[in-house]
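*Asks:* Below you will find the structure I want to go over with you.
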Amino acid sequence: MREMATADFESPEATDAGELTGERVREVLATVRYPGLSRDLVSFGMVEHVSVCDRRVKVRLAIATRDPGIPAQLRTRIADALLPLGAATVAVEIAPPSTTPKPTARGTPDPWAEQVRLAAVRHVVAVGAGKGGVGKSTVAANLALLLAREGLRAGLLDADIYGPSLPLLLGIEDGAGRVRMTPDKHILPLEAHGLPLISFGFFLGEGSPAIWRGPMVSKAVKQFSRGVAWPELDVLIVDLPPGTGDIPLSLAQAVVLSGAVVVTQPARVATAEARKAAQMFQTLEVPVLGIVENMAGAFGHGAGAAIAAELAVPFLGSVPFDEGMVAEGDAGIPTALARPRSEAALAMEVVAHAVASALGWQHVADGSAPGAER
């Protein structure tokens with residue numbers, strides 16, 4: 001049995017705005033966005049059932065969330081959308097998704113039913129940010145390199161379909177001409193500084209904009225994330241595009257994520273968007289491993305720790321502003337390699353230790369391989 005919760009909304013002055021049918025209700029639900037995300041309840045496959053009898057509407061949703069405020073927000077949004085159409089009452093029933101995949105009423109498969117665990121990868125960790133320009137890709141690249149230096153088998157997936165920058169940051173801009181496929185049509189990763197790497201940039205063409213939306217993005221991300229012949233990896237770091245759009249959702253529906261790291265700058269506008277990104281991952285049932293404050297000092301400091309405390313998630317560390325990181329990224333040699341004893345590299349090392357610990361490994365101070373996963 002699945003635990004369900006129902007709430008009723010009644011219109012004291014319901015008016016007859018024409019025939020209210022199940023089909024009409026679904027059309028309206030297709031305009032109701034899930035809190036914190038850009039897509040609607042119908043396209044997510046969350047609407048399990050709709051019934052209308054004598055202007056009394058009942059809607060059943062299947063959602064998975066740790067945020068206790070989401071159900072109330074959804075009920076209010078649905079009622080606000082349906083009551084003006086003439087519904088006398090609106091009952092919204094919410095339950096966790098069924099463990100048995102089944103089609104929606106329109107025959108659309110449950111979008112979570114195809115989620116898989118990558119066979120060769122023990123942990124998949126997404127690195128995201130609420131807005132661009134906070135150094136998310138730089139953090140992702142250095143994090144993967146430092147995890148590898150700890151003795152973990154690490155890899156990188158550049159899933160930023162709108163602005164893939166890892167090929168530049170890792171000095172592998174000629175990847176488009178070198179990438180190959182296996183006989184069974186799986187992409188073979190290239191190697192950059194010892195890391196297996198695959199990027200959307202290898203397939204978009206130099207300078208070509210990626211004007212993809214909705215279902216196109218979802219399909220591309222699912223095929224891309226599951227269509228790579230990864231070697232045996234302890235951890236795969238996924239560099240997401242900034243924001244809270246379709247790609248994080250599509251990735252979470254495609255593969256099992258062990259957690260997410262959210263990158264922010266200390267500036268107020270950046271932290272506000274970082275808060276949204278962290279809440280998005282929580283909504284998607286992806287554990288937030290913690291917050292990284294990047295470029296601290298030049299733009300202030302302390303905001304990352306404040307967000308982490310507010311959201312009750314770990315604060316992974318603060319990376320100071322370092323002009324040299326930009327030049328090193330442009331040269332394709334991340335700071336963790338170019339200046340491993342610099343203040344910025346040592347700060348990123350603290351972040352890497354925290355991420356490894358969150359995934360179950362213990363740092364060994366004498367430089368030997370990390371301890372076994374607990």
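Identifiers in this document derive from the order of the structure tokens: chains are assigned A, B, ..., residues are numbered from 1 separately in each chain, and ligands are numbered from 1 in order of occurrence.
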Hey, what's within 10 Å of segment 122-127 of chain A if we count only C-alpha atoms and toss same-chain stuff fewer than 4 positions away? As a PDB file with N, CA and C atoms, in the first residue's frame, please?

*Replies:*
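What follows is the written file out-v3.pdb:
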```pdb
ATOM      1  N   ARG A 117      20.976   2.216 -13.135  1.00  0.00           N
ATOM      2  CA  ARG A 117      22.251   2.428 -12.463  1.00  0.00           C
ATOM      3  C   ARG A 117      23.351   2.059 -13.451  1.00  0.00           C
ATOM      4  N   LEU A 118      24.270   2.985 -13.710  1.00  0.00           N
ATOM      5  CA  LEU A 118      25.328   2.721 -14.673  1.00  0.00           C
ATOM      6  C   LEU A 118      26.170   1.540 -14.198  1.00  0.00           C
ATOM      7  N   LYS A 136      31.392  26.847 -12.013  1.00  0.00           N
ATOM      8  CA  LYS A 136      30.906  25.477 -11.804  1.00  0.00           C
ATOM      9  C   LYS A 136      31.768  24.451 -12.529  1.00  0.00           C
ATOM     10  N   SER A 137      32.052  24.696 -13.806  1.00  0.00           N
ATOM     11  CA  SER A 137      32.842  23.739 -14.585  1.00  0.00           C
ATOM     12  C   SER A 137      34.270  23.643 -14.067  1.00  0.00           C
ATOM     13  N   VAL A 139      35.174  24.045 -10.958  1.00  0.00           N
ATOM     14  CA  VAL A 139      35.079  23.233  -9.747  1.00  0.00           C
ATOM     15  C   VAL A 139      34.935  21.756 -10.118  1.00  0.00           C
ATOM     16  N   ALA A 140      34.088  21.454 -11.111  1.00  0.00           N
ATOM     17  CA  ALA A 140      33.872  20.059 -11.512  1.00  0.00           C
ATOM     18  C   ALA A 140      35.171  19.421 -11.996  1.00  0.00           C
ATOM     19  N   ALA A 141      35.921  20.140 -12.834  1.00  0.00           N
ATOM     20  CA  ALA A 141      37.161  19.589 -13.378  1.00  0.00           C
ATOM     21  C   ALA A 141      38.194  19.348 -12.289  1.00  0.00           C
ATOM     22  N   LEU A 143      37.636  19.033  -9.080  1.00  0.00           N
ATOM     23  CA  LEU A 143      37.124  18.018  -8.161  1.00  0.00           C
ATOM     24  C   LEU A 143      37.438  16.618  -8.671  1.00  0.00           C
ATOM     25  N   ARG A 153      39.013   5.998  -8.921  1.00  0.00           N
ATOM     26  CA  ARG A 153      38.896   5.970 -10.379  1.00  0.00           C
ATOM     27  C   ARG A 153      37.783   6.942 -10.763  1.00  0.00           C
ATOM     28  N   ALA A 154      38.164   8.123 -11.224  1.00  0.00           N
ATOM     29  CA  ALA A 154      37.203   9.196 -11.490  1.00  0.00           C
ATOM     30  C   ALA A 154      37.078   9.465 -12.982  1.00  0.00           C
ATOM     31  N   GLY A 155      35.892   9.919 -13.391  1.00  0.00           N
ATOM     32  CA  GLY A 155      35.639  10.310 -14.764  1.00  0.00           C
ATOM     33  C   GLY A 155      34.800  11.567 -14.808  1.00  0.00           C
ATOM     34  N   LEU A 156      34.684  12.155 -16.000  1.00  0.00           N
ATOM     35  CA  LEU A 156      33.942  13.401 -16.183  1.00  0.00           C
ATOM     36  C   LEU A 156      32.969  13.273 -17.349  1.00  0.00           C
ATOM     37  N   LEU A 157      31.738  13.713 -17.110  1.00  0.00           N
ATOM     38  CA  LEU A 157      30.723  13.804 -18.156  1.00  0.00           C
ATOM     39  C   LEU A 157      30.272  15.248 -18.248  1.00  0.00           C
ATOM     40  N   ALA A 159      27.707  17.450 -19.368  1.00  0.00           N
ATOM     41  CA  ALA A 159      26.320  17.421 -19.829  1.00  0.00           C
ATOM     42  C   ALA A 159      25.754  18.816 -20.046  1.00  0.00           C
ATOM     43  N   GLU A 232      35.652   0.948 -15.633  1.00  0.00           N
ATOM     44  CA  GLU A 232      35.234   0.821 -14.243  1.00  0.00           C
ATOM     45  C   GLU A 232      35.607   2.092 -13.486  1.00  0.00           C
ATOM     46  N   LEU A 233      34.600   2.775 -12.919  1.00  0.00           N
ATOM     47  CA  LEU A 233      34.825   4.031 -12.215  1.00  0.00           C
ATOM     48  C   LEU A 233      34.267   3.961 -10.799  1.00  0.00           C
ATOM     49  N   ASP A 234      34.972   4.604  -9.877  1.00  0.00           N
ATOM     50  CA  ASP A 234      34.438   4.777  -8.531  1.00  0.00           C
ATOM     51  C   ASP A 234      33.464   5.940  -8.490  1.00  0.00           C
ATOM     52  N   VAL A 235      33.757   6.986  -9.248  1.00  0.00           N
ATOM     53  CA  VAL A 235      32.893   8.158  -9.241  1.00  0.00           C
ATOM     54  C   VAL A 235      32.939   8.846 -10.604  1.00  0.00           C
ATOM     55  N   LEU A 236      31.765   9.211 -11.098  1.00  0.00           N
ATOM     56  CA  LEU A 236      31.623   9.973 -12.340  1.00  0.00           C
ATOM     57  C   LEU A 236      31.071  11.344 -11.981  1.00  0.00           C
ATOM     58  N   ILE A 237      31.836  12.388 -12.254  1.00  0.00           N
ATOM     59  CA  ILE A 237      31.397  13.756 -12.002  1.00  0.00           C
ATOM     60  C   ILE A 237      30.695  14.270 -13.253  1.00  0.00           C
ATOM     61  N   VAL A 238      29.475  14.768 -13.087  1.00  0.00           N
ATOM     62  CA  VAL A 238      28.681  15.277 -14.206  1.00  0.00           C
ATOM     63  C   VAL A 238      28.546  16.784 -14.085  1.00  0.00           C
ATOM     64  N   ASP A 239      29.053  17.500 -15.078  1.00  0.00           N
ATOM     65  CA  ASP A 239      28.962  18.956 -15.105  1.00  0.00           C
ATOM     66  C   ASP A 239      27.653  19.343 -15.796  1.00  0.00           C
ATOM     67  N   LEU A 240      26.710  19.875 -15.023  1.00  0.00           N
ATOM     68  CA  LEU A 240      25.400  20.255 -15.552  1.00  0.00           C
ATOM     69  C   LEU A 240      25.410  21.704 -16.030  1.00  0.00           C
ATOM     70  N   PRO A 241      24.464  22.065 -16.891  1.00  0.00           N
ATOM     71  CA  PRO A 241      24.323  23.483 -17.225  1.00  0.00           C
ATOM     72  C   PRO A 241      23.785  24.238 -16.025  1.00  0.00           C
ATOM     73  N   PRO A 242      24.018  25.539 -15.942  1.00  0.00           N
ATOM     74  CA  PRO A 242      23.473  26.301 -14.813  1.00  0.00           C
ATOM     75  C   PRO A 242      21.955  26.386 -14.891  1.00  0.00           C
ATOM     76  N   PRO A 248      18.838  18.733 -15.552  1.00  0.00           N
ATOM     77  CA  PRO A 248      18.965  18.007 -14.280  1.00  0.00           C
ATOM     78  C   PRO A 248      17.860  16.984 -14.077  1.00  0.00           C
ATOM     79  N   LEU A 251      18.503  13.984 -16.401  1.00  0.00           N
ATOM     80  CA  LEU A 251      19.598  13.159 -15.899  1.00  0.00           C
ATOM     81  C   LEU A 251      19.131  12.301 -14.729  1.00  0.00           C
ATOM     82  N   ALA A 252      18.372  12.913 -13.800  1.00  0.00           N
ATOM     83  CA  ALA A 252      17.893  12.168 -12.634  1.00  0.00           C
ATOM     84  C   ALA A 252      16.942  11.050 -13.044  1.00  0.00           C
ATOM     85  N   VAL A 255      19.542   8.160 -14.920  1.00  0.00           N
ATOM     86  CA  VAL A 255      20.488   7.355 -14.142  1.00  0.00           C
ATOM     87  C   VAL A 255      20.331   7.664 -12.659  1.00  0.00           C
ATOM     88  N   VAL A 256      20.711   6.709 -11.845  1.00  0.00           N
ATOM     89  CA  VAL A 256      20.678   6.889 -10.391  1.00  0.00           C
ATOM     90  C   VAL A 256      21.833   7.794  -9.980  1.00  0.00           C
ATOM     91  N   LEU A 257      21.518   8.899  -9.301  1.00  0.00           N
ATOM     92  CA  LEU A 257      22.531   9.842  -8.836  1.00  0.00           C
ATOM     93  C   LEU A 257      22.795   9.616  -7.355  1.00  0.00           C
ATOM     94  N   SER A 258      24.074   9.536  -7.003  1.00  0.00           N
ATOM     95  CA  SER A 258      24.435   9.383  -5.593  1.00  0.00           C
ATOM     96  C   SER A 258      24.327  10.700  -4.841  1.00  0.00           C
ATOM     97  N   GLY A 259      24.423  11.802  -5.554  1.00  0.00           N
ATOM     98  CA  GLY A 259      24.337  13.090  -4.892  1.00  0.00           C
ATOM     99  C   GLY A 259      24.645  14.225  -5.837  1.00  0.00           C
ATOM    100  N   ALA A 260      24.539  15.445  -5.292  1.00  0.00           N
ATOM    101  CA  ALA A 260      24.788  16.653  -6.079  1.00  0.00           C
ATOM    102  C   ALA A 260      25.603  17.630  -5.258  1.00  0.00           C
ATOM    103  N   VAL A 261      26.465  18.371  -5.955  1.00  0.00           N
ATOM    104  CA  VAL A 261      27.240  19.454  -5.365  1.00  0.00           C
ATOM    105  C   VAL A 261      26.767  20.742  -6.021  1.00  0.00           C
ATOM    106  N   VAL A 262      26.458  21.751  -5.220  1.00  0.00           N
ATOM    107  CA  VAL A 262      25.974  23.033  -5.744  1.00  0.00           C
ATOM    108  C   VAL A 262      27.050  24.085  -5.534  1.00  0.00           C
ATOM    109  N   VAL A 263      27.399  24.789  -6.612  1.00  0.00           N
ATOM    110  CA  VAL A 263      28.456  25.805  -6.589  1.00  0.00           C
ATOM    111  C   VAL A 263      27.822  27.186  -6.611  1.00  0.00           C
ATOM    112  N   PHE A 281      17.382  19.857  -6.495  1.00  0.00           N
ATOM    113  CA  PHE A 281      17.910  18.512  -6.290  1.00  0.00           C
ATOM    114  C   PHE A 281      17.156  17.783  -5.183  1.00  0.00           C
ATOM    115  N   VAL A 286      17.454  13.775  -4.979  1.00  0.00           N
ATOM    116  CA  VAL A 286      18.902  13.607  -5.127  1.00  0.00           C
ATOM    117  C   VAL A 286      19.563  14.215  -3.894  1.00  0.00           C
ATOM    118  N   PRO A 287      20.303  13.445  -3.105  1.00  0.00           N
ATOM    119  CA  PRO A 287      20.931  14.008  -1.909  1.00  0.00           C
ATOM    120  C   PRO A 287      21.893  15.144  -2.260  1.00  0.00           C
ATOM    121  N   VAL A 288      21.777  16.242  -1.573  1.00  0.00           N
ATOM    122  CA  VAL A 288      22.704  17.355  -1.769  1.00  0.00           C
ATOM    123  C   VAL A 288      23.914  17.100  -0.878  1.00  0.00           C
ATOM    124  N   LEU A 289      25.044  16.758  -1.500  1.00  0.00           N
ATOM    125  CA  LEU A 289      26.256  16.463  -0.737  1.00  0.00           C
ATOM    126  C   LEU A 289      26.803  17.713  -0.076  1.00  0.00           C
ATOM    127  N   ILE A 291      27.390  22.419  -0.382  1.00  0.00           N
ATOM    128  CA  ILE A 291      27.540  23.685  -1.101  1.00  0.00           C
ATOM    129  C   ILE A 291      29.023  24.057  -1.155  1.00  0.00           C
ATOM    130  N   VAL A 292      29.488  24.505  -2.327  1.00  0.00           N
ATOM    131  CA  VAL A 292      30.845  25.032  -2.492  1.00  0.00           C
ATOM    132  C   VAL A 292      30.750  26.524  -2.783  1.00  0.00           C
ATOM    133  N   VAL A 355      33.639  15.430  -0.326  1.00  0.00           N
ATOM    134  CA  VAL A 355      32.793  14.677  -1.257  1.00  0.00           C
ATOM    135  C   VAL A 355      33.083  13.184  -1.148  1.00  0.00           C
ATOM    136  N   LEU A 359      30.544  10.066   0.147  1.00  0.00           N
ATOM    137  CA  LEU A 359      30.262   8.874  -0.654  1.00  0.00           C
ATOM    138  C   LEU A 359      30.728   7.583   0.019  1.00  0.00           C
TER     139      LEU A 359
END
```

*Asks:* Which residues are near Leu61 of chain A? Cut-off 8 Å, only C-alpha atoms, ignore same chain within fewer than 2 positions. Put them as an mmCIF file with N, CA and C atoms, in the first residue's frame.

*Replies:*
```cif
data_model
loop_
_atom_site.group_PDB
_atom_site.id
_atom_site.type_symbol
_atom_site.label_atom_id
_atom_site.label_comp_id
_atom_site.auth_asym_id
_atom_site.auth_seq_id
_atom_site.Cartn_x
_atom_site.Cartn_y
_atom_site.Cartn_z
ATOM 1 N N MET A 46 3.361 12.800 -13.823
ATOM 2 C CA MET A 46 2.975 12.737 -12.410
ATOM 3 C C MET A 46 1.474 12.610 -12.188
ATOM 4 N N VAL A 47 0.688 12.860 -13.233
ATOM 5 C CA VAL A 47 -0.768 12.792 -13.093
ATOM 6 C C VAL A 47 -1.226 11.352 -13.328
ATOM 7 N N GLU A 48 -1.635 10.683 -12.272
ATOM 8 C CA GLU A 48 -2.036 9.280 -12.374
ATOM 9 C C GLU A 48 -3.509 9.121 -12.731
ATOM 10 N N HIS A 49 -4.352 10.034 -12.247
ATOM 11 C CA HIS A 49 -5.793 9.847 -12.456
ATOM 12 C C HIS A 49 -6.504 11.183 -12.355
ATOM 13 N N VAL A 59 -8.094 14.689 -8.469
ATOM 14 C CA VAL A 59 -6.818 14.520 -9.157
ATOM 15 C C VAL A 59 -5.902 13.688 -8.266
ATOM 16 N N ILE A 63 4.191 11.567 -6.808
ATOM 17 C CA ILE A 63 5.425 12.343 -6.723
ATOM 18 C C ILE A 63 6.302 11.781 -5.612
ATOM 19 N N VAL A 92 -7.246 16.832 -4.229
ATOM 20 C CA VAL A 92 -5.925 16.476 -4.754
ATOM 21 C C VAL A 92 -5.329 15.397 -3.860
ATOM 22 N N GLU A 93 -5.134 14.247 -4.429
ATOM 23 C CA GLU A 93 -4.574 13.102 -3.705
ATOM 24 C C GLU A 93 -3.129 12.912 -4.161
ATOM 25 N N ILE A 94 -2.209 12.827 -3.201
ATOM 26 C CA ILE A 94 -0.783 12.725 -3.517
ATOM 27 C C ILE A 94 -0.208 11.478 -2.868
ATOM 28 N N ALA A 95 0.538 10.703 -3.655
ATOM 29 C CA ALA A 95 1.145 9.474 -3.154
ATOM 30 C C ALA A 95 2.499 9.287 -3.801
#
```

*Asks:* Identify, on the basis of only C-alpha atoms, every residue whose closest approach to segment 305-312 of chain A does not exceed 8 Å; exclude the query and any residue fewer than 2 positions from it along the same chain; express the result as a compact mmCIF listing (two decimals) with C-alpha atoms, in the first residue's frame.

*Replies:*
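Full text of out11.txt as output:
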```txt
# COMPACT_ATOMS: atom_id res chain seq x y z
CA THR A 271 23.38 32.62 -3.55
CA ARG A 275 19.35 28.04 -3.06
CA GLY A 290 26.91 20.10 -0.02
CA ILE A 291 27.54 23.69 -1.10
CA GLU A 293 31.52 28.77 -2.26
CA GLY A 302 30.36 33.42 4.10
CA ALA A 303 27.21 33.25 1.99
CA PRO A 314 26.91 20.28 4.43
CA PHE A 315 29.16 23.21 3.58
```

*Asks:* Compile a residue-level contact table for segment 114-212 of chain A against segment 321-324 of chain A at a cut-off of 12 Å, reporting for every qualifying residue the shortest atom pair and its distance in Å to one decimal, with only C-alpha atoms counted, rows ordered by chain and ascending number, as CSV.

*Replies:*
```
residue,atom,partner,partner_atom,distance
A:Val134,CA,A:Phe321,CA,10.8
A:Gly135,CA,A:Phe321,CA,10.3
A:Thr138,CA,A:Asp322,CA,11.8
```

*Asks:* Using DSSP on the backbone, list every residue of segment 284-324 of chain A that comes out as alpha helix (DSSP H), and give them as a list in words.

*Replies:*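 Secondary structure check on segment 284-324 of chain A, alpha helix (DSSP H): Ala303, Gly304, Ala305, Ala306, Ile307, Ala308, Ala309, Glu310, Leu311, Glu323 and Gly324 of chain A.
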
*Asks:* Output C-alpha atoms of each residue in that selection to a file, as a CSV table (one decimal), in the first residue's frame.

*Replies:*
```
chain,number,residue,atom,x,y,z
A,303,ALA,CA,27.2,33.2,2.0
A,304,GLY,CA,27.8,29.6,1.0
A,305,ALA,CA,28.0,28.5,4.6
A,306,ALA,CA,24.8,30.5,5.3
A,307,ILE,CA,22.9,28.7,2.5
A,308,ALA,CA,24.1,25.3,3.7
A,309,ALA,CA,23.0,26.0,7.2
A,310,GLU,CA,19.6,27.3,6.0
A,311,LEU,CA,19.0,24.2,3.9
A,323,GLU,CA,43.2,35.2,-11.1
A,324,GLY,CA,45.6,32.4,-12.2
```

*Asks:* Which residues, written as a list in words, have at least one atom at most 8 Å from segment 162-175 of chain A, with only C-alpha atoms counted and residues fewer than 3 positions away on the same chain left out?

*Replies:*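 Close residues of segment 162-175 of chain A: Ser137, Thr138, Ala141, Asp158, Ala159, Arg178, Val179, Leu190, Ala192, His193, Ser199, Phe200, Gly201, Phe202, Pro209, Ala210, Ile211, Pro241, Glu328, Gly329, Asp330, Ala331, Gly332, Ile333 and Pro334 of chain A.
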
*Asks:* Would you output that residue set with C-alpha atoms, as a compact mmCIF listing (two decimals), in the first residue's frame?

*Replies:*
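Output (selection_4.txt):
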```txt
# COMPACT_ATOMS: atom_id res chain seq x y z
CA SER A 137 32.84 23.74 -14.58
CA THR A 138 36.17 24.76 -13.05
CA ALA A 141 37.16 19.59 -13.38
CA ASP A 158 30.12 17.26 -19.60
CA ALA A 159 26.32 17.42 -19.83
CA ARG A 178 39.00 11.87 -32.11
CA VAL A 179 35.90 10.45 -30.48
CA LEU A 190 38.68 10.28 -24.48
CA ALA A 192 42.35 14.17 -20.41
CA HIS A 193 45.01 14.34 -17.70
CA SER A 199 31.41 16.12 -23.57
CA PHE A 200 28.44 17.32 -25.56
CA GLY A 201 30.99 19.67 -27.11
CA PHE A 202 32.46 16.73 -29.04
CA PRO A 209 24.50 26.78 -30.73
CA ALA A 210 22.41 24.09 -29.08
CA ILE A 211 18.85 25.34 -29.53
CA PRO A 241 24.32 23.48 -17.22
CA GLU A 328 45.22 27.92 -16.30
CA GLY A 329 41.74 26.94 -17.46
CA ASP A 330 42.29 28.68 -20.79
CA ALA A 331 45.56 26.76 -21.15
CA GLY A 332 43.80 23.44 -20.46
CA ILE A 333 45.74 22.72 -17.25
CA PRO A 334 43.46 23.04 -14.20
```

*Asks:* Quick one: residues within 12 Å of Val350 of chain A, only C-alpha atoms counted, chain neighbours fewer than 5 positions away excluded, as a PyMOL selection string?

*Replies:* chain A and resi 142-143+146-147+150+292+315-319+336+343-345+355-357+363

*Asks:* How many Å separate atom CA of Ala278 of chain A from atom CA of Gly132 of chain A?

*Replies:* 14.9 Å

*Asks:* With DSSP run on the backbone, what are the strand (DSSP E) residues within segment 132-367 of chain A? I'd like them as a PyMOL selection string.

*Replies:* chain A and resi 154-158+180-181+187-188+190-192+195-199+233-239+259-264+288-296+315-320

*Asks:* Counting only C-alpha atoms, figure out which residue out of A:Gly128, A:Gly194, A:Gly243, A:Pro96 gets nearest to Glu285 of chain A.

*Replies:* A:Pro96

*Asks:* So which one's closest to Phe224 of chain A, A:Val326, A:Val121, A:Leu188, A:Ala296? Using only C-alpha atoms, please.

*Replies:*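 Closest to Phe224 of chain A of all the choices is A:Leu188.
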
*Asks:* Nearest to Asp184 of chain A among A:Ala277, A:Ala254, A:Cys53, A:Val228, with distances taken over only C-alpha atoms: which residue is it?

*Replies:*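 Smallest separation from Asp184 of chain A among the options: A:Val228.
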
*Asks:* Rounded to one decimal, what separation in Å do you get between atom CA of Val269 of chain A and atom CA of Ala298 of chain A?

*Replies:*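 Separation between atom CA of Val269 of chain A and atom CA of Ala298 of chain A: 14.9 Å.
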
*Asks:* Would you mind telling me which residue in A:Thr76, A:Thr182, A:Ser250, A:Asn294 lies nearest to Ala267 of chain A when using only C-alpha atoms?

*Replies:* A:Asn294
